[in-house]
>>> print(open('target25.cif').read())   # mmCIF, N, CA and C atoms and all ligand atoms
data_entry
#
loop_
_atom_site.label_atom_id
_atom_site.label_comp_id
_atom_site.auth_asym_id
_atom_site.auth_seq_id
_atom_site.Cartn_x
_atom_site.Cartn_y
_atom_site.Cartn_z
N MET A 1 -37.79 -4.61 -5.64
CA MET A 1 -36.42 -4.57 -6.16
C MET A 1 -35.83 -3.16 -6.06
N THR A 2 -34.65 -3.11 -5.57
CA THR A 2 -33.99 -1.82 -5.52
C THR A 2 -33.00 -1.70 -6.67
N ASP A 3 -33.00 -0.54 -7.21
CA ASP A 3 -32.11 -0.31 -8.35
C ASP A 3 -30.86 0.39 -7.88
N GLN A 4 -29.90 -0.37 -7.41
CA GLN A 4 -28.69 0.24 -6.86
C GLN A 4 -27.59 0.30 -7.89
N THR A 5 -26.80 1.32 -7.74
CA THR A 5 -25.59 1.40 -8.58
C THR A 5 -24.39 1.48 -7.66
N ASP A 6 -23.27 1.20 -8.19
CA ASP A 6 -22.05 1.21 -7.38
C ASP A 6 -21.32 2.55 -7.46
N GLU A 7 -22.04 3.53 -7.87
CA GLU A 7 -21.40 4.84 -7.97
C GLU A 7 -21.34 5.51 -6.60
N GLY A 8 -20.55 6.54 -6.50
CA GLY A 8 -20.50 7.30 -5.27
C GLY A 8 -19.49 6.79 -4.28
N THR A 9 -18.60 5.94 -4.70
CA THR A 9 -17.55 5.46 -3.80
C THR A 9 -16.18 5.89 -4.31
N GLU A 10 -16.09 7.11 -4.75
CA GLU A 10 -14.84 7.55 -5.36
C GLU A 10 -13.72 7.72 -4.35
N ALA A 11 -14.07 7.85 -3.08
CA ALA A 11 -13.03 8.03 -2.07
C ALA A 11 -12.49 6.69 -1.58
N GLU A 12 -12.89 5.67 -2.21
CA GLU A 12 -12.42 4.32 -1.85
C GLU A 12 -10.90 4.26 -1.91
N ALA A 13 -10.31 3.50 -1.01
CA ALA A 13 -8.86 3.33 -1.04
C ALA A 13 -8.46 2.73 -2.38
N ASP A 14 -7.60 3.41 -3.04
CA ASP A 14 -7.23 2.98 -4.38
C ASP A 14 -5.93 2.18 -4.33
N GLU A 15 -6.07 0.89 -4.43
CA GLU A 15 -4.89 0.05 -4.35
C GLU A 15 -4.10 0.07 -5.64
N ALA A 16 -4.78 0.35 -6.71
CA ALA A 16 -4.10 0.32 -7.99
C ALA A 16 -3.41 1.64 -8.26
N PHE A 17 -2.18 1.75 -7.81
CA PHE A 17 -1.42 2.94 -8.13
C PHE A 17 -1.26 3.03 -9.65
N GLY A 18 -1.31 4.22 -10.14
CA GLY A 18 -1.17 4.37 -11.59
C GLY A 18 -2.50 4.60 -12.27
N SER A 19 -3.56 4.64 -11.46
CA SER A 19 -4.87 4.87 -12.06
C SER A 19 -5.15 6.36 -12.22
N CYS A 20 -4.25 7.19 -11.68
CA CYS A 20 -4.50 8.63 -11.73
C CYS A 20 -4.13 9.23 -13.08
N CYS A 21 -3.10 8.70 -13.71
CA CYS A 21 -2.69 9.24 -15.00
C CYS A 21 -1.84 8.21 -15.74
N THR A 22 -1.77 8.36 -17.01
CA THR A 22 -1.03 7.38 -17.81
C THR A 22 0.48 7.50 -17.60
N GLU A 23 0.93 8.71 -17.23
CA GLU A 23 2.36 8.88 -17.00
C GLU A 23 2.85 7.96 -15.89
N LEU A 24 2.10 7.97 -14.79
CA LEU A 24 2.51 7.12 -13.67
C LEU A 24 2.35 5.65 -14.03
N LYS A 25 1.29 5.37 -14.71
CA LYS A 25 1.04 3.98 -15.10
C LYS A 25 2.20 3.46 -15.95
N GLU A 26 2.63 4.26 -16.89
CA GLU A 26 3.72 3.82 -17.76
C GLU A 26 5.03 3.79 -17.00
N ALA A 27 5.21 4.73 -16.09
CA ALA A 27 6.45 4.76 -15.30
C ALA A 27 6.56 3.53 -14.43
N MET A 28 5.42 2.99 -14.02
CA MET A 28 5.44 1.82 -13.16
C MET A 28 5.50 0.53 -13.93
N SER A 29 4.94 0.54 -15.11
CA SER A 29 4.87 -0.72 -15.85
C SER A 29 6.23 -1.11 -16.39
N GLY A 30 6.98 -0.13 -16.86
CA GLY A 30 8.36 -0.40 -17.26
C GLY A 30 8.53 -1.53 -18.23
N ALA A 31 7.78 -1.51 -19.30
CA ALA A 31 7.88 -2.59 -20.27
C ALA A 31 9.24 -2.61 -20.94
N GLU A 32 9.81 -1.44 -21.13
CA GLU A 32 11.07 -1.37 -21.88
C GLU A 32 12.20 -0.81 -21.05
N PHE A 33 11.97 -0.69 -19.76
CA PHE A 33 13.01 -0.16 -18.90
C PHE A 33 12.77 -0.64 -17.48
N GLU A 34 13.75 -0.44 -16.65
CA GLU A 34 13.63 -0.83 -15.24
C GLU A 34 12.88 0.27 -14.50
N PRO A 35 11.71 -0.01 -13.98
CA PRO A 35 10.94 1.05 -13.31
C PRO A 35 11.64 1.52 -12.04
N LEU A 36 11.62 2.81 -11.83
CA LEU A 36 12.15 3.37 -10.59
C LEU A 36 11.04 3.67 -9.61
N ILE A 37 9.81 3.46 -10.04
CA ILE A 37 8.66 3.62 -9.16
C ILE A 37 8.00 2.25 -9.04
N VAL A 38 8.05 1.71 -7.84
CA VAL A 38 7.56 0.34 -7.67
C VAL A 38 6.72 0.24 -6.40
N VAL A 39 5.84 -0.73 -6.39
CA VAL A 39 5.07 -1.02 -5.18
C VAL A 39 5.81 -2.08 -4.38
N GLY A 40 6.12 -1.75 -3.15
CA GLY A 40 6.86 -2.67 -2.31
C GLY A 40 5.99 -3.81 -1.81
N GLU A 41 6.64 -4.73 -1.13
CA GLU A 41 5.91 -5.89 -0.62
C GLU A 41 4.86 -5.48 0.41
N ASP A 42 5.09 -4.32 1.02
CA ASP A 42 4.15 -3.84 2.03
C ASP A 42 3.01 -3.04 1.43
N GLY A 43 2.96 -3.01 0.09
CA GLY A 43 1.86 -2.30 -0.55
C GLY A 43 2.06 -0.80 -0.64
N VAL A 44 3.24 -0.35 -0.26
CA VAL A 44 3.55 1.07 -0.33
C VAL A 44 4.25 1.37 -1.64
N LEU A 45 3.88 2.50 -2.22
CA LEU A 45 4.52 2.89 -3.48
C LEU A 45 5.82 3.62 -3.18
N TYR A 46 6.90 3.13 -3.78
CA TYR A 46 8.21 3.73 -3.55
C TYR A 46 8.77 4.27 -4.86
N MET A 47 9.56 5.31 -4.71
CA MET A 47 10.27 5.84 -5.86
C MET A 47 11.75 5.86 -5.55
N SER A 48 12.54 5.39 -6.48
CA SER A 48 13.98 5.44 -6.30
C SER A 48 14.47 6.85 -6.58
N VAL A 49 15.20 7.38 -5.64
CA VAL A 49 15.64 8.76 -5.78
C VAL A 49 17.13 8.85 -6.07
N GLY A 50 17.82 7.74 -5.99
CA GLY A 50 19.24 7.81 -6.30
C GLY A 50 19.95 6.51 -6.04
N LEU A 51 21.23 6.54 -6.30
CA LEU A 51 22.08 5.38 -6.07
C LEU A 51 22.99 5.67 -4.90
N ILE A 52 23.24 4.65 -4.12
CA ILE A 52 24.16 4.81 -3.01
C ILE A 52 25.33 3.86 -3.21
N ASP A 53 26.51 4.40 -2.98
CA ASP A 53 27.70 3.58 -3.11
C ASP A 53 28.08 3.00 -1.77
N ILE A 54 28.05 1.71 -1.72
CA ILE A 54 28.48 1.03 -0.50
C ILE A 54 29.84 0.40 -0.79
N GLU A 55 30.79 0.73 0.02
CA GLU A 55 32.13 0.26 -0.25
C GLU A 55 32.17 -1.25 -0.33
N GLY A 56 32.77 -1.75 -1.39
CA GLY A 56 32.92 -3.18 -1.54
C GLY A 56 31.67 -3.87 -2.06
N GLU A 57 30.60 -3.09 -2.28
CA GLU A 57 29.38 -3.72 -2.79
C GLU A 57 28.89 -2.98 -4.02
N GLU A 58 27.93 -3.57 -4.64
CA GLU A 58 27.34 -2.90 -5.79
C GLU A 58 26.51 -1.71 -5.32
N PRO A 59 26.42 -0.70 -6.17
CA PRO A 59 25.59 0.45 -5.80
C PRO A 59 24.15 0.00 -5.53
N GLY A 60 23.54 0.56 -4.51
CA GLY A 60 22.17 0.20 -4.18
C GLY A 60 21.24 1.36 -4.46
N MET A 61 19.97 1.04 -4.67
CA MET A 61 18.99 2.09 -4.91
C MET A 61 18.49 2.65 -3.58
N VAL A 62 18.26 3.93 -3.59
CA VAL A 62 17.66 4.58 -2.41
C VAL A 62 16.20 4.84 -2.72
N ASP A 63 15.34 4.23 -1.94
CA ASP A 63 13.90 4.37 -2.17
C ASP A 63 13.25 5.25 -1.12
N HIS A 64 12.27 5.99 -1.56
CA HIS A 64 11.46 6.76 -0.61
C HIS A 64 9.99 6.57 -0.96
N PRO A 65 9.15 6.53 0.03
CA PRO A 65 7.71 6.44 -0.27
C PRO A 65 7.24 7.66 -1.04
N VAL A 66 6.33 7.43 -1.94
CA VAL A 66 5.75 8.52 -2.73
C VAL A 66 4.37 8.82 -2.18
N PHE A 67 4.16 10.05 -1.79
CA PHE A 67 2.85 10.40 -1.25
C PHE A 67 1.94 10.99 -2.32
N PHE A 68 2.55 11.73 -3.22
CA PHE A 68 1.77 12.33 -4.29
C PHE A 68 2.36 11.92 -5.63
N CYS A 69 1.50 11.75 -6.59
CA CYS A 69 1.97 11.40 -7.93
C CYS A 69 2.89 12.50 -8.43
N PRO A 70 4.11 12.14 -8.87
CA PRO A 70 5.05 13.14 -9.35
C PRO A 70 4.64 13.75 -10.68
N PHE A 71 3.65 13.19 -11.30
CA PHE A 71 3.27 13.67 -12.63
C PHE A 71 2.03 14.55 -12.59
N CYS A 72 1.02 14.13 -11.84
CA CYS A 72 -0.22 14.90 -11.86
C CYS A 72 -0.59 15.45 -10.48
N GLY A 73 0.13 15.04 -9.45
CA GLY A 73 -0.10 15.62 -8.13
C GLY A 73 -1.20 14.97 -7.32
N THR A 74 -1.76 13.90 -7.82
CA THR A 74 -2.80 13.21 -7.07
C THR A 74 -2.22 12.56 -5.82
N GLU A 75 -2.95 12.66 -4.72
CA GLU A 75 -2.48 11.99 -3.52
C GLU A 75 -2.66 10.49 -3.68
N LEU A 76 -1.57 9.77 -3.51
CA LEU A 76 -1.59 8.33 -3.75
C LEU A 76 -1.73 7.54 -2.46
N GLN A 77 -1.12 8.03 -1.41
CA GLN A 77 -1.17 7.35 -0.13
C GLN A 77 -0.84 8.37 0.94
N THR A 78 -1.22 8.05 2.15
CA THR A 78 -0.98 8.98 3.24
C THR A 78 0.16 8.49 4.11
N ARG A 79 0.67 9.39 4.92
CA ARG A 79 1.74 9.01 5.83
C ARG A 79 1.31 7.87 6.73
N GLU A 80 0.06 7.88 7.10
CA GLU A 80 -0.45 6.83 7.98
C GLU A 80 -0.34 5.47 7.30
N GLU A 81 -0.65 5.46 6.04
CA GLU A 81 -0.60 4.20 5.31
C GLU A 81 0.83 3.71 5.14
N VAL A 82 1.74 4.67 5.06
CA VAL A 82 3.12 4.31 4.77
C VAL A 82 3.90 3.89 6.00
N ARG A 83 3.62 4.60 7.12
CA ARG A 83 4.45 4.32 8.29
C ARG A 83 4.09 2.95 8.88
N GLN A 84 4.90 1.99 8.52
CA GLN A 84 4.65 0.63 8.99
C GLN A 84 5.83 0.10 9.76
N ASP A 85 6.99 0.61 9.48
CA ASP A 85 8.12 0.23 10.31
C ASP A 85 8.75 1.52 10.84
N GLY A 86 9.85 1.39 11.52
CA GLY A 86 10.42 2.57 12.16
C GLY A 86 11.27 3.41 11.24
N ASP A 87 11.10 3.29 9.97
CA ASP A 87 11.96 3.99 9.04
C ASP A 87 11.56 5.46 8.90
N ALA A 88 12.40 6.32 9.44
CA ALA A 88 12.23 7.76 9.27
C ALA A 88 10.87 8.26 9.75
N VAL A 89 10.38 7.69 10.82
CA VAL A 89 9.13 8.18 11.38
C VAL A 89 9.46 8.95 12.66
N ASN A 90 8.87 10.11 12.78
CA ASN A 90 9.13 10.91 13.96
C ASN A 90 8.25 10.46 15.12
ZN ZN B 1 -0.70 10.75 -11.68
#
>>> encode(input="target25.cif", output="structure tokens", more="lines below")
Ligand SMILES: [Zn+2]
Amino acid sequence: MTDQTDEGTEAEADEAFGSCCTELKEAMSGAEFEPLIVVGEDGVLYMSVGLIDIEGEEPGMVDHPVFFCPFCGTELQTREEVRQDGDAVN
């Protein structure tokens, strides 16, 4: 019998954004407010950076991918993980 533990895999891809600090976790959970930091359908974490006025329409949110946690600085995702469509990719 081998006595294995599941330790030592800390570099595992962390799908659960918000595990780095409670600030991000609370900012994403938005129990009492509309979160401006959300995980998109593509699994990328986005942060709303502002409102855009479109003539004749309701103001829309402007989202940008978040690479580092704005609260603690932990790297959340890489450019490689984010670049999935042609949006702002050089
Ligand atoms: Zn954090």
>>> residues_near_ligand(input="target25.cif", ligand="ligand ZN 1 (chain B)", cutoff="5 Å", atoms="all atoms listed in the file", output="MDAnalysis selection string")
chainID A and resid 20:21 69 71:73
>>> atom_distance(input="target25.cif", atom1="CA of Leu76 (chain A)", atom2="CA of Gly18 (chain A)")
8.8 Å
>>> atom_distance(input="target25.cif", atom1="atom N of Gly60 (chain A)", atom2="atom N of Lys25 (chain A)")
24.9 Å
>>> select_by_dssp(input="target25.cif", residues="region 7-72 of chain A", states="helix (DSSP H, G or I)", output="number ranges by chain")
A: 22-29
>>> atom_distance(input="target25.cif", atom1="atom C of Glu32 (chain A)", atom2="atom N of Glu58 (chain A)")
22.9 Å
>>> axis_aligned_box(input="target25.cif", around="region 49-63 of chain A", padding_each_side="5 Å", output="lines of an AutoDock Vina configuration file")
center_x = 23.1
center_y = 2.5
center_z = -3.1
size_x = 29.7
size_y = 22.7
size_z = 16.3
>>> closest_residue(input="target25.cif", among="A:Leu24, A:Ile54, A:Leu45, A:Ser19", to="Val82 (chain A)", atoms="all atoms listed in the file")
A:Leu45
>>> closest_residue(input="target25.cif", among="A:Val66, A:Ser29, A:Glu23, A:Arg83", to="Met47 (chain A)", atoms="only N, CA and C atoms")
A:Val66
